[in-house]
$ cat final_16.cif   # mmCIF, C-alpha atoms
data_my_file
loop_
_atom_site.label_atom_id
_atom_site.label_comp_id
_atom_site.auth_asym_id
_atom_site.auth_seq_id
_atom_site.Cartn_x
_atom_site.Cartn_y
_atom_site.Cartn_z
CA MET J 1 -7.23 -10.99 -21.82
CA THR J 2 -4.99 -8.98 -19.52
CA GLU J 3 -5.40 -5.88 -21.66
CA LYS J 4 -9.17 -6.07 -21.24
CA THR J 5 -9.18 -6.70 -17.50
CA GLY J 6 -6.43 -4.29 -16.51
CA PHE J 7 -4.96 -6.81 -14.06
CA ALA J 8 -1.31 -7.81 -14.01
CA PRO J 9 -0.52 -10.98 -16.01
CA ALA J 10 1.52 -12.47 -13.14
CA ALA J 11 -1.57 -12.22 -10.89
CA ALA J 12 -3.55 -14.73 -12.97
CA PRO J 13 -5.80 -16.65 -12.59
CA HIS J 14 -8.31 -13.92 -11.82
CA ALA J 15 -11.25 -14.69 -9.55
CA SER J 16 -14.92 -13.87 -10.13
CA THR J 17 -15.14 -11.80 -6.92
CA ILE J 18 -13.72 -8.60 -8.47
CA VAL J 19 -15.19 -5.45 -6.94
CA SER J 20 -15.52 -2.39 -9.15
CA THR J 21 -16.09 1.03 -7.60
CA SER J 22 -18.38 3.54 -9.29
CA GLU J 23 -16.75 6.75 -10.50
CA GLU J 24 -19.97 8.77 -10.35
CA ALA J 25 -19.05 10.85 -7.27
CA ILE J 26 -15.30 10.97 -7.85
CA THR J 27 -12.67 12.25 -10.26
CA ALA J 28 -9.96 9.73 -11.13
CA GLY J 29 -7.23 9.30 -13.70
CA GLU J 30 -3.56 9.10 -14.60
CA THR J 31 -1.01 11.78 -13.82
CA SER J 32 2.75 12.14 -13.56
CA ILE J 33 4.71 13.32 -10.53
CA PRO J 34 8.15 14.94 -10.75
CA SER J 35 10.52 12.84 -8.65
CA GLN J 36 14.31 12.76 -8.48
CA GLY J 37 14.66 14.31 -11.93
CA GLU J 38 12.10 12.11 -13.67
CA ASN J 39 8.35 12.02 -14.17
CA MET J 40 6.80 9.14 -12.23
CA PRO J 41 3.46 7.82 -13.54
CA ALA J 42 0.69 7.66 -10.93
CA TYR J 43 -3.04 7.09 -10.58
CA HIS J 44 -5.11 9.41 -8.41
CA ALA J 45 -8.72 9.66 -7.27
CA ARG J 46 -10.61 12.24 -5.22
CA PRO J 47 -14.22 13.16 -4.43
CA LYS J 48 -15.80 15.55 -6.93
CA SER J 49 -16.98 17.93 -4.23
CA ALA J 50 -14.65 18.99 -1.42
CA ASP J 51 -14.62 21.77 1.15
CA GLY J 52 -10.97 22.72 1.40
CA PRO J 53 -7.89 20.50 1.20
CA LEU J 54 -8.47 16.74 1.34
CA PRO J 55 -6.74 14.26 3.64
CA ILE J 56 -4.15 12.33 1.62
CA VAL J 57 -3.63 8.57 1.37
CA ILE J 58 -0.62 7.33 -0.57
CA VAL J 59 -1.49 3.83 -1.81
CA VAL J 60 1.57 1.60 -2.24
CA GLN J 61 1.26 -1.12 -4.87
CA GLU J 62 1.53 -4.88 -4.56
CA ILE J 63 4.39 -6.56 -6.42
CA PHE J 64 2.16 -6.36 -9.51
CA GLY J 65 2.38 -2.58 -9.80
CA VAL J 66 -0.48 -0.12 -10.12
CA HIS J 67 -2.93 -2.39 -11.91
CA GLU J 68 -6.73 -2.39 -11.76
CA HIS J 69 -7.00 -3.60 -8.16
CA ILE J 70 -4.84 -0.76 -6.81
CA ARG J 71 -6.69 1.77 -8.97
CA ASP J 72 -9.99 0.52 -7.58
CA LEU J 73 -8.73 0.87 -3.99
CA CYS J 74 -7.89 4.50 -4.80
CA ARG J 75 -11.44 5.03 -6.06
CA SER J 76 -12.85 3.46 -2.89
CA LEU J 77 -10.75 5.79 -0.74
CA ALA J 78 -11.93 8.77 -2.81
CA LEU J 79 -15.53 7.80 -2.03
CA GLU J 80 -14.55 7.99 1.66
CA GLY J 81 -13.36 11.58 1.21
CA TYR J 82 -9.63 11.12 0.56
CA LEU J 83 -7.23 12.20 -2.14
CA ALA J 84 -5.70 8.80 -2.95
CA VAL J 85 -2.51 8.55 -5.01
CA ALA J 86 -0.83 5.34 -6.22
CA PRO J 87 2.60 5.93 -7.80
CA GLU J 88 4.28 3.47 -10.21
CA LEU J 89 7.27 2.77 -7.99
CA TYR J 90 9.09 0.42 -10.38
CA PHE J 91 8.96 2.78 -13.36
CA ARG J 92 12.73 3.28 -13.58
CA GLN J 93 13.50 -0.45 -13.42
CA GLY J 94 10.76 -1.81 -15.71
CA ASP J 95 7.11 -2.72 -16.25
CA PRO J 96 5.54 -5.46 -14.09
CA ASN J 97 3.10 -6.20 -16.94
CA ASP J 98 6.01 -7.65 -18.93
CA TYR J 99 6.11 -10.68 -16.60
CA SER J 100 3.68 -13.58 -16.57
CA ASP J 101 4.77 -15.34 -13.39
CA ILE J 102 5.57 -14.17 -9.87
CA PRO J 103 9.09 -15.67 -9.39
CA THR J 104 10.41 -14.04 -12.61
CA LEU J 105 8.68 -10.76 -11.80
CA PHE J 106 10.31 -10.78 -8.39
CA SER J 107 13.84 -11.72 -9.44
CA ASN J 108 14.00 -9.62 -12.64
CA LEU J 109 12.22 -6.49 -11.44
CA VAL J 110 10.99 -6.20 -7.85
CA SER J 111 14.30 -7.18 -6.21
CA LYS J 112 16.10 -4.49 -8.26
CA VAL J 113 14.07 -1.59 -6.81
CA PRO J 114 16.01 0.03 -3.92
CA ASP J 115 14.08 0.90 -0.76
CA ALA J 116 15.86 4.27 -0.59
CA GLN J 117 14.60 5.16 -4.07
CA VAL J 118 11.04 4.15 -3.14
CA LEU J 119 10.99 6.17 0.09
CA ALA J 120 12.30 9.28 -1.71
CA ASP J 121 9.68 8.81 -4.44
CA LEU J 122 6.95 8.63 -1.79
CA ASP J 123 8.16 11.95 -0.36
CA HIS J 124 7.66 13.48 -3.82
CA VAL J 125 4.17 11.96 -3.99
CA ALA J 126 3.35 13.62 -0.65
CA SER J 127 4.61 16.97 -2.00
CA TRP J 128 2.62 16.59 -5.22
CA ALA J 129 -0.55 15.77 -3.26
CA ALA J 130 -0.06 18.85 -1.06
CA ARG J 131 0.17 21.01 -4.21
CA ASN J 132 -2.86 19.37 -5.81
CA GLY J 133 -5.68 19.73 -3.32
CA GLY J 134 -4.33 17.60 -0.47
CA ASP J 135 -3.77 18.58 3.14
CA PRO J 136 -0.10 17.92 4.06
CA HIS J 137 -1.05 17.87 7.75
CA ARG J 138 -3.31 14.86 7.17
CA LEU J 139 -0.96 12.51 5.32
CA MET J 140 -1.58 8.75 5.50
CA VAL J 141 -0.13 5.71 3.75
CA THR J 142 -1.42 2.21 3.09
CA GLY J 143 0.19 -0.62 1.15
CA PHE J 144 -0.45 -4.20 0.14
CA CYS J 145 1.98 -7.14 -0.01
CA TRP J 146 5.22 -5.49 -1.25
CA GLY J 147 3.60 -2.17 -0.39
CA GLY J 148 2.71 -3.38 3.10
CA ARG J 149 6.39 -3.73 3.92
CA ILE J 150 7.08 -0.32 2.37
CA SER J 151 4.31 1.24 4.50
CA TRP J 152 6.10 0.14 7.68
CA LEU J 153 9.38 1.57 6.36
CA TYR J 154 7.73 4.84 5.32
CA ALA J 155 6.27 5.26 8.81
CA ALA J 156 9.87 5.34 10.08
CA HIS J 157 11.06 7.56 7.22
CA ASN J 158 8.68 10.53 7.01
CA PRO J 159 8.15 12.53 10.24
CA GLN J 160 5.15 14.28 8.63
CA LEU J 161 3.19 11.03 8.26
CA LYS J 162 0.16 10.80 10.55
CA ALA J 163 -0.77 7.10 10.21
CA ALA J 164 0.02 3.95 8.24
CA VAL J 165 -1.86 0.73 7.51
CA ALA J 166 0.22 -2.22 6.27
CA TRP J 167 -1.63 -5.12 4.64
CA TYR J 168 0.29 -8.43 4.73
CA GLY J 169 3.71 -6.88 4.27
CA LYS J 170 6.76 -9.00 5.12
CA LEU J 171 8.24 -8.13 8.51
CA VAL J 172 11.61 -9.88 8.43
CA GLY J 173 13.89 -10.90 5.60
CA GLU J 174 17.35 -11.16 4.16
CA LYS J 175 19.24 -7.87 4.18
CA THR J 176 20.53 -6.76 0.79
CA LEU J 177 21.99 -3.57 -0.66
CA ASN J 178 18.56 -2.65 -2.02
CA SER J 179 16.74 -3.69 1.17
CA PRO J 180 19.12 -3.02 4.07
CA LYS J 181 16.35 -2.90 6.69
CA HIS J 182 13.03 -4.63 7.28
CA PRO J 183 10.08 -3.59 9.46
CA VAL J 184 11.40 -5.49 12.49
CA ASP J 185 14.59 -3.39 12.29
CA ILE J 186 12.79 -0.02 12.36
CA ALA J 187 10.26 -0.60 15.15
CA THR J 188 12.16 1.91 17.32
CA ASP J 189 12.09 4.54 14.57
CA LEU J 190 8.36 4.77 13.81
CA ASN J 191 7.14 8.37 13.48
CA ALA J 192 3.50 7.42 12.92
CA PRO J 193 1.09 4.86 14.39
CA VAL J 194 0.92 1.70 12.25
CA LEU J 195 -1.89 -0.83 11.91
CA GLY J 196 -0.72 -4.17 10.49
CA LEU J 197 -3.28 -6.53 8.94
CA TYR J 198 -2.17 -10.14 8.49
CA GLY J 199 -3.55 -13.57 7.55
CA GLY J 200 -3.17 -16.51 9.91
CA GLN J 201 -2.89 -18.85 6.90
CA ASP J 202 -0.25 -16.76 5.08
CA THR J 203 2.51 -19.23 4.16
CA GLY J 204 4.84 -16.41 3.09
CA ILE J 205 4.59 -14.52 6.39
CA PRO J 206 4.77 -17.14 9.17
CA LEU J 207 3.02 -16.24 12.44
CA ASP J 208 6.29 -16.47 14.34
CA THR J 209 7.54 -13.46 12.33
CA VAL J 210 4.36 -11.58 13.27
CA GLU J 211 5.11 -12.38 16.93
CA THR J 212 8.72 -11.22 16.47
CA MET J 213 7.37 -7.89 15.17
CA ARG J 214 4.92 -7.60 18.05
CA HIS J 215 7.80 -8.08 20.52
CA ALA J 216 9.89 -5.46 18.70
CA LEU J 217 7.00 -2.97 18.79
CA ARG J 218 6.38 -3.58 22.49
CA ALA J 219 10.08 -3.20 23.29
CA ALA J 220 10.10 0.10 21.37
CA ASN J 221 6.89 1.25 23.09
CA ALA J 222 5.64 2.02 19.57
CA LYS J 223 2.11 3.10 18.71
CA ALA J 224 1.14 0.12 16.62
CA GLU J 225 -1.37 -2.69 16.46
CA ILE J 226 -1.26 -5.96 14.54
CA VAL J 227 -4.47 -7.82 13.70
CA VAL J 228 -4.28 -11.41 12.46
CA TYR J 229 -7.27 -12.93 10.66
CA PRO J 230 -7.10 -16.66 11.51
CA ASP J 231 -8.88 -17.89 8.35
CA ALA J 232 -7.21 -15.57 5.84
CA GLY J 233 -4.12 -16.23 3.76
CA HIS J 234 -1.84 -13.85 1.91
CA ALA J 235 -3.48 -11.15 -0.25
CA PHE J 236 -6.84 -11.63 1.45
CA ASN J 237 -7.97 -8.18 0.29
CA ALA J 238 -7.16 -8.94 -3.36
CA ASP J 239 -10.71 -9.45 -4.66
CA TYR J 240 -9.38 -10.45 -8.11
CA ARG J 241 -7.43 -13.44 -6.75
CA PRO J 242 -8.49 -16.83 -5.37
CA SER J 243 -6.87 -15.78 -2.04
CA TYR J 244 -9.65 -13.21 -1.46
CA HIS J 245 -11.30 -13.62 1.94
CA ALA J 246 -14.30 -11.29 1.91
CA GLU J 247 -15.03 -11.24 5.63
CA SER J 248 -11.43 -10.42 6.61
CA ALA J 249 -11.08 -7.93 3.76
CA LYS J 250 -14.20 -5.99 4.79
CA ASP J 251 -13.19 -5.94 8.44
CA GLY J 252 -9.68 -4.81 7.53
CA TRP J 253 -11.02 -2.01 5.34
CA GLN J 254 -13.23 -0.71 8.17
CA ARG J 255 -10.32 -0.93 10.62
CA MET J 256 -8.14 1.01 8.19
CA LEU J 257 -10.71 3.79 7.84
CA ALA J 258 -11.13 3.96 11.62
CA TRP J 259 -7.34 4.08 12.10
CA PHE J 260 -6.98 6.94 9.63
CA SER J 261 -9.90 8.77 11.24
CA GLN J 262 -8.45 8.30 14.72
CA TYR J 263 -5.20 9.98 13.67
CA GLY J 264 -6.77 12.92 11.90
CA GLY J 265 -7.49 11.50 8.46
CA LYS J 266 -11.09 12.28 7.67
CA LYS J 267 -12.84 14.93 9.72
CA ALA J 268 -15.74 13.38 11.61
#

$ encode --input "final_16.cif" --output "structure tokens"
Amino acid sequence: MTEKTGFAPAAAPHASTIVSTSEEAITAGETSIPSQGENMPAYHARPKSADGPLPIVIVVQEIFGVHEHIRDLCRSLALEGYLAVAPELYFRQGDPNDYSDIPTLFSNLVSKVPDAQVLADLDHVASWAARNGGDPHRLMVTGFCWGGRISWLYAAHNPQLKAAVAWYGKLVGEKTLNSPKHPVDIATDLNAPVLGLYGGQDTGIPLDTVETMRHALRAANAKAEIVVYPDAGHAFNADYRPSYHAESAKDGWQRMLAWFSQYGGKKA
């Protein structure tokens, strides 16, 4: 069943609310990106017709990797006029499709992927996009779940980044060798404005941690905004999961597009 749907096995059961974006006006497909001596698999999508270099959005995967949901988000961004690229950021450590439950996926694969490796890989994605029809002066990032946390970190890592949108990414956590810092630790180091989108019913990201992050951002005088959707839980944008909350997801998507536009993403 998973082979047919293209969704990660650990993300089951799949909901009936799956959204599928038409490819009529876009070009999309697999590619590989040279990074740190290896070729990193990635999915990319862009509009078929473009006048000059396109604004770039790096799309950072959920814990499930670059499965059908992430690919569809890239296609949706392409329809909005972006070159969207989603790299397979676990490719050195393993394949998320080999795991059928979230705890095993997390302990056997996700926890073994160092933040430093991920941030360097994302720099190579940005370089690849600039060489393949993207405008390096209009570089954005967005990420979901695991990728939401990474989006915060990347906003403190890459001085060329223009804006970031983090969807339900953890803000605090245990410090490990692979994850020495969390978003709350880098609030003072943000290079780019960040929009954080969170669910009020998210049991994995308690609201007190959202408030802790808000305080850290205020103390740092950072350009950032956090929106909490009171009725949404974790992964509220994941239309293939029972957690999908359509109203919050649609509002978040529009806020993301407006945020990117505000910081130079898509020319008005």

$ closest_residue --input "final_16.cif" --among "J:Asn97, J:Thr203, J:Thr188, J:Ser35" --to "His215 of chain J" --atoms "all atoms listed in the file"
J:Thr188

$ closest_residue --input "final_16.cif" --among "J:Leu190, J:Ile70, J:Ile58, J:Ile63" --to "Thr21 of chain J" --atoms "all atoms listed in the file"
J:Ile70

$ residues_near_point --input "final_16.cif" --point "(2.8, 8.4, -11.1)" --cutoff "9 Å" --atoms "all atoms listed in the file" --output "VMD selection string"
chain J and resid 30 to 34 39 to 44 85 to 89 91 125

$ closest_atom_pairs --input "final_16.cif" --of "segment 89-163 of chain J" --to "segment 178-187 of chain J" --cutoff "8 Å" --atoms "all atoms listed in the file" --output "tab-separated table"
residue	atom	partner	partner_atom	distance
J:Ser111	CA	J:Asn178	CA	7.5
J:Lys112	CA	J:Asn178	CA	7.0
J:Val113	CA	J:Asn178	CA	6.7
J:Pro114	CA	J:Asn178	CA	4.2
J:Asp115	CA	J:Ser179	CA	5.6
J:Ala116	CA	J:Asn178	CA	7.6
J:Arg149	CA	J:Pro183	CA	6.7
J:Trp152	CA	J:Pro183	CA	5.7
J:Leu153	CA	J:Pro183	CA	6.1
J:Ala156	CA	J:Ile186	CA	6.5

$ atom_distance --input "final_16.cif" --atom1 "atom CA of Arg138 of chain J" --atom2 "atom CA of Ala219 of chain J"
27.7 Å

$ closest_atom_pairs --input "final_16.cif" --of "segment 17-60 of chain J" --to "segment 242-257 of chain J" --cutoff "12 Å" --atoms "all atoms listed in the file" --output "Markdown table"
| residue | atom | partner | partner_atom | distance |
| --- | --- | --- | --- | --- |
| J:Thr17 | CA | J:Tyr244 | CA | 7.9 |
| J:Ile18 | CA | J:Tyr244 | CA | 9.3 |
| J:Val19 | CA | J:Ala246 | CA | 10.6 |
| J:Pro55 | CA | J:Leu257 | CA | 12.0 |
| J:Val57 | CA | J:Leu257 | CA | 10.7 |

$ atom_distance --input "final_16.cif" --atom1 "atom CA of Ile26 of chain J" --atom2 "atom CA of Ala45 of chain J"
6.7 Å

$ residues_around --input "final_16.cif" --residues "Ala224 of chain J" --least-positions-apart "3" --cutoff "10 Å" --atoms "all atoms listed in the file" --output "compact mmCIF listing (two decimals) with C-alpha atoms, keeping the file's coordinate frame"
# COMPACT_ATOMS: atom_id res chain seq x y z
CA ALA J 163 -0.77 7.10 10.21
CA ALA J 164 0.02 3.95 8.24
CA VAL J 165 -1.86 0.73 7.51
CA ALA J 187 10.26 -0.60 15.15
CA LEU J 190 8.36 4.77 13.81
CA ALA J 192 3.50 7.42 12.92
CA PRO J 193 1.09 4.86 14.39
CA VAL J 194 0.92 1.70 12.25
CA LEU J 195 -1.89 -0.83 11.91
CA GLY J 196 -0.72 -4.17 10.49
CA ARG J 214 4.92 -7.60 18.05
CA LEU J 217 7.00 -2.97 18.79
CA ARG J 218 6.38 -3.58 22.49
CA ASN J 221 6.89 1.25 23.09

$ resolve_selection --input "final_16.cif" --expression "the PyMOL selection byres ((chain J and resi 168) around 10)" --output "MDAnalysis selection string"
chainID J and resid 143:149 165:167 169:171 196:199 202 204:205 210 228 233:237

$ residues_around --input "final_16.cif" --residues "Gly52 of chain J" --least-positions-apart "5" --cutoff "12 Å" --atoms "all atoms listed in the file" --output "list of chain:residue names"
J:Pro47, J:Gly81, J:Tyr82, J:Leu83, J:Ala130, J:Asn132, J:Gly133, J:Gly134, J:Asp135, J:Lys267

$ write_last_selection --input "final_16.cif" --atoms "C-alpha atoms" --output "compact mmCIF listing (two decimals), keeping the file's coordinate frame"
# COMPACT_ATOMS: atom_id res chain seq x y z
CA PRO J 47 -14.22 13.16 -4.43
CA GLY J 81 -13.36 11.58 1.21
CA TYR J 82 -9.63 11.12 0.56
CA LEU J 83 -7.23 12.20 -2.14
CA ALA J 130 -0.06 18.85 -1.06
CA ASN J 132 -2.86 19.37 -5.81
CA GLY J 133 -5.68 19.73 -3.32
CA GLY J 134 -4.33 17.60 -0.47
CA ASP J 135 -3.77 18.58 3.14
CA LYS J 267 -12.84 14.93 9.72

$ atom_distance --input "final_16.cif" --atom1 "atom CA of Val141 of chain J" --atom2 "atom CA of Ser16 of chain J"
28.2 Å

$ closest_residue --input "final_16.cif" --among "J:Ala126, J:Gly173, J:Phe64, J:Pro136" --to "Pro206 of chain J" --atoms "all atoms listed in the file"
J:Gly173

$ axis_aligned_box --input "final_16.cif" --around "segment 119-137 of chain J" --padding-each-side "6 Å" --output "JSON"
{"center_x": 3.3, "center_y": 13.6, "center_z": 1.0, "size_x": 30.0, "size_y": 26.8, "size_z": 25.6}

$ decode --input "final_16.cif" --residues "segment 150-170 of chain J" --atoms "C-alpha atoms" --output "tab-separated table (two decimals), in the first residue's frame"
chain	number	residue	atom	x	y	z
J	150	ILE	CA	15.76	22.89	11.45
J	151	SER	CA	14.25	26.00	9.81
J	152	TRP	CA	14.80	27.99	13.02
J	153	LEU	CA	18.39	26.74	13.20
J	154	TYR	CA	19.03	27.52	9.54
J	155	ALA	CA	17.81	31.09	10.04
J	156	ALA	CA	20.66	31.50	12.54
J	157	HIS	CA	23.15	29.64	10.33
J	158	ASN	CA	22.97	31.20	6.85
J	159	PRO	CA	23.43	34.99	6.63
J	160	GLN	CA	22.15	34.92	3.02
J	161	LEU	CA	18.71	33.64	4.06
J	162	LYS	CA	15.92	36.20	3.61
J	163	ALA	CA	13.05	34.55	5.53
J	164	ALA	CA	12.02	31.33	7.27
J	165	VAL	CA	8.70	29.74	8.17
J	166	ALA	CA	8.78	26.98	10.80
J	167	TRP	CA	5.73	24.71	11.07
J	168	TYR	CA	5.36	23.02	14.48
J	169	GLY	CA	9.07	22.54	15.06
J	170	LYS	CA	10.24	21.79	18.60
